[in-house]
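Visitor: One structure is given below, represented as structure tokens, and several questions about it will come after.
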There are 4 protein chains.
Amino acid sequence: MTRAKKTAKAAARPRTKPAEVRREELLDAAERLFREQGVAATSVDEIVVAAGVAKGTFYLHFEAKEKLLSALQQRFVASFHAALEAAMNRRRAADWQGRLHAWLAAAVDFYLDRTELHDIVFHEFRAEEGPRAKHENPIAEQLAELLGAGTRAGAWSVAVPHFSAIALFSALHGALDDALASSPSARKAVNRKQLTRALDAFFQRAVGLG
Amino acid sequence: MTRAKKTAKAAARPRTKPAEVRREELLDAAERLFREQGVAATSVDEIVVAAGVAKGTFYLHFEAKEKLLSALQQRFVASFHAALEAAMNRRRAADWQGRLHAWLAAAVDFYLDRTELHDIVFHEFRAEEGPRAKHENPIAEQLAELLGAGTRAGAWSVAVPHFSAIALFSALHGALDDALASSPSARKAVNRKQLTRALDAFFQRAVGLG
Amino acid sequence: MTRAKKTAKAAARPRTKPAEVRREELLDAAERLFREQGVAATSVDEIVVAAGVAKGTFYLHFEAKEKLLSALQQRFVASFHAALEAAMNRRRAADWQGRLHAWLAAAVDFYLDRTELHDIVFHEFRAEEGPRAKHENPIAEQLAELLGAGTRAGAWSVAVPHFSAIALFSALHGALDDALASSPSARKAVNRKQLTRALDAFFQRAVGLG
Amino acid sequence: MTRAKKTAKAAARPRTKPAEVRREELLDAAERLFREQGVAATSVDEIVVAAGVAKGTFYLHFEAKEKLLSALQQRFVASFHAALEAAMNRRRAADWQGRLHAWLAAAVDFYLDRTELHDIVFHEFRAEEGPRAKHENPIAEQLAELLGAGTRAGAWSVAVPHFSAIALFSALHGALDDALASSPSARKAVNRKQLTRALDAFFQRAVGLG
DNA sequence: AATGAATGAGTCTTCATTCAT
DNA sequence: CATGAATGAAGACTCATTCAT
């Protein structure tokens, strides 16, 4: 009840910003820190300092640290999804193989360019809504749709698109992780061409074109 | 709590045990707790209580909580590995398809019967020797060997066994996770038969037999 | 949340009200919340939401949360005082015993009907102007006047009215608290008749009529 | 998981003490601080500093700050009770009036010598076990027993000892509070003799000897 | 080998109050 | 009169690890 004291500090600050902007700034700051040090190792304190706001402001925009993580996850998935969609749409609608390849290539790129965030957002996140909440992986669903449509169009044959999509998405993920783990520090040195080619072959076989 | 009341309580306790035994007991206690509540939610305190030893004893056997987790991981992987090996060896050496199927079926069983531990040991574990330590996944390597040998024997054709093994292992893992996430609470109700069949088909295609 | 969406919502609201009205609304909202959850557990935020005003408006009417509590106290005491005055005045001026009894009976009723508020306003309030500010208890003073007047009129004998009033007021308060604490949940089940009779006897003796 | 750093500090400290001693030290430190600044204004941090232990040690002995307060309450009540018992027992068993007077005089003394603690322990304490937990006031019960025994012995007449005891205890409490509040800062200047005499008279009438 | 009292840095979260609009 | 985004000090509590016995 007695918190009246204050210390005059920074002079000119644009005190108030649209909620969306502030929220995004917080998200950006957190993303960077999470990338650099991991989620658990990053405190709310660090986030607010990085975002240039007071502690309380954080809780004005996120109920808890965990909710920020969820938001980050959604943001990441949404942009991943959009990138893949865009890549696919650069091919003709009827070019099924082209679309599949485009999807794959874009996924490899996106993943390799955002490794840490990907991990953070998908692995380091547990808790909330009990164990094993269906993440409702929209990326895999996107692939499933492609697989289903291609099958219906006679471009290839996939019996259970959802299943194959999940399996392929996981395979992709695993292969990339492995490649990353193998190239010690020169993370960027991973041979994308080669990797993409191998995955392409794997996908081809999976859709029955091997 | 007073120094004097020491003799009265629990007279006959085998105060000191061989290091290996104690270590194993700690591992067991931790495994159970991790399974029940997750790693982060389990404190060293709870572990020692469950193992019936004093706090300090923990640090006699493990440098840190993290090391216990590594040990648990190794223990898990080793038994997983052994189970798969055994399953494969129940087939004739020349029965490549049989061995592949046996490996897969055993993996599905092992995984579904030990879900939480698997997660804990593979997902919830980060840190230690920087990000992305090569997990040196022995399970995938085991599969890689099978794939390689089968290829050399002309049973199927897999160009880069290590790559395919990682991809298939990941696909397996992802498919199981997805299945588990979809069957709300009836976790055990996952249709193993059906799942195994789908995975079998996926594996077949992957090795070029689709 | 965006600046633009301001006109759409709740069209006709009487944005500005006379200070007194707003103040009273804030007091009402706070009273309800304090009753339901206690003072400490009620935040200014909750109060303004309940009163339907903005945070800043609170501080337009009260210097601090503490001041609101004081105001609530005064309001409570004033209405308590008025209720007792009214009850007494329903008896003839010369009917001293009747007036004393009326005072007592009204006090019991008022107290039992407003237990939580009473507590909040009298117990849960500390701080402000150092410890032990003279509460300037007007209720006790009202009783003191009655005791003094009755003594001067020869209806009974009380040597030091202020002292006896304080003591009797406290006794009343204590007895009611005890009765309330004893009747677990059926707070309203307290036997008012019986309690009033016992207090009556106690008061009689205290004024020398036992 | 990474809290290994340490700063060498104070050299010779008697690190470990019997739990009871530590607990008592914590209680003492808290009592002093509570007296000086009030319960709410005293942080656990301050308490541990005053007690010369680390933060964690506090929680080794008390589940929460609130529990410390309960413990303090019990300690206070117990010593209050004992002081009154001792005072009474300095009179002959048959000297009922003497015992009643002794109880009263001792209560006045104890109270006036420990005002702040008394307040803290009885007022500033709320919460826990729902509102209005029966404090099971042992002091009042002690008085009730005396009143009952005296009545049975024919020394005076009190119809419902428990009721009268509560009322008298409250009257005592209220009168002392009022006296304290009236003597602005010279708290110790309260005229004990006079106060005790007035209370004595009040008690006399209450037991039917007025 | 074993003990367990002690440590203390670190974490998240709350909330009364201010002030630019 | 009114708003509500922003503040930031303060608080309670946790827990991996150490070390004297």
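All residue names refer to the structure tokens as shown: chains lettered A, B, ... in order, residues numbered from 1 in each chain, ligands numbered from 1 in order.
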Just the residues within 8 Å of region 80-83 of chain C, please, counting only C-alpha atoms (C1' of nucleotides), with nothing from its chain fewer than 6 positions along; format it as a list in words.

Guide: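 Contacts, in chain order: Ala106, Ala107, Phe110, Pro138, Ile139 and Gln142 of chain C.
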
Visitor: Once chain B sits on chain C after a least-squares Cα superposition, all atoms in order, what's the RMSD?

Guide: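 The C-alpha RMSD comes out at 0.2 Å.
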
Visitor: For a quick test of understanding: name the residues of chain B lying within 12 Å of chain F when counting only C-alpha atoms (C1' of nucleotides), and present them as a ChimeraX atom specification.

Guide: /B:3,40-46,55-60,62-66

Visitor: Kindly give the distance, in Å, that separates CA of Ala94 (chain B) and CA of Ala171 (chain B), rounded to a single decimal.

Guide: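 Distance reported for this atom pair: 25.6 Å.
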
Visitor: Under the rule that only C-alpha atoms are counted, which of A:Lys67, A:His173, A:Arg23, A:Arg92 is the nearest residue to chain B?

Guide: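 With only C-alpha atoms as the atom set, the closest residue is A:His173.
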
Visitor: Rounded to one decimal, what separation in Å do you get between CA of Gly150 (chain A) and CA of Asn191 (chain B)?

Guide: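 It comes out at 27.2 Å.
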
Visitor: Which residues of chain E come within 10 Å of chain B, and what is each one's closest atom pair and distance in Å (one decimal), counting only C-alpha atoms (C1' of nucleotides), sorted by chain and residue number, as CSV?

Guide:
residue,atom,partner,partner_atom,distance
E:DA1,C1',B:Thr16,CA,6.0
E:DA2,C1',B:Thr57,CA,6.1
E:DT3,C1',B:Ala54,CA,5.8
E:DG4,C1',B:Ala54,CA,6.5

Visitor: As an exercise, work out the distance from CA of Lys193 (chain D) to CA of Val160 (chain C) in Å and give it to one decimal place.

Guide: 15.3 Å
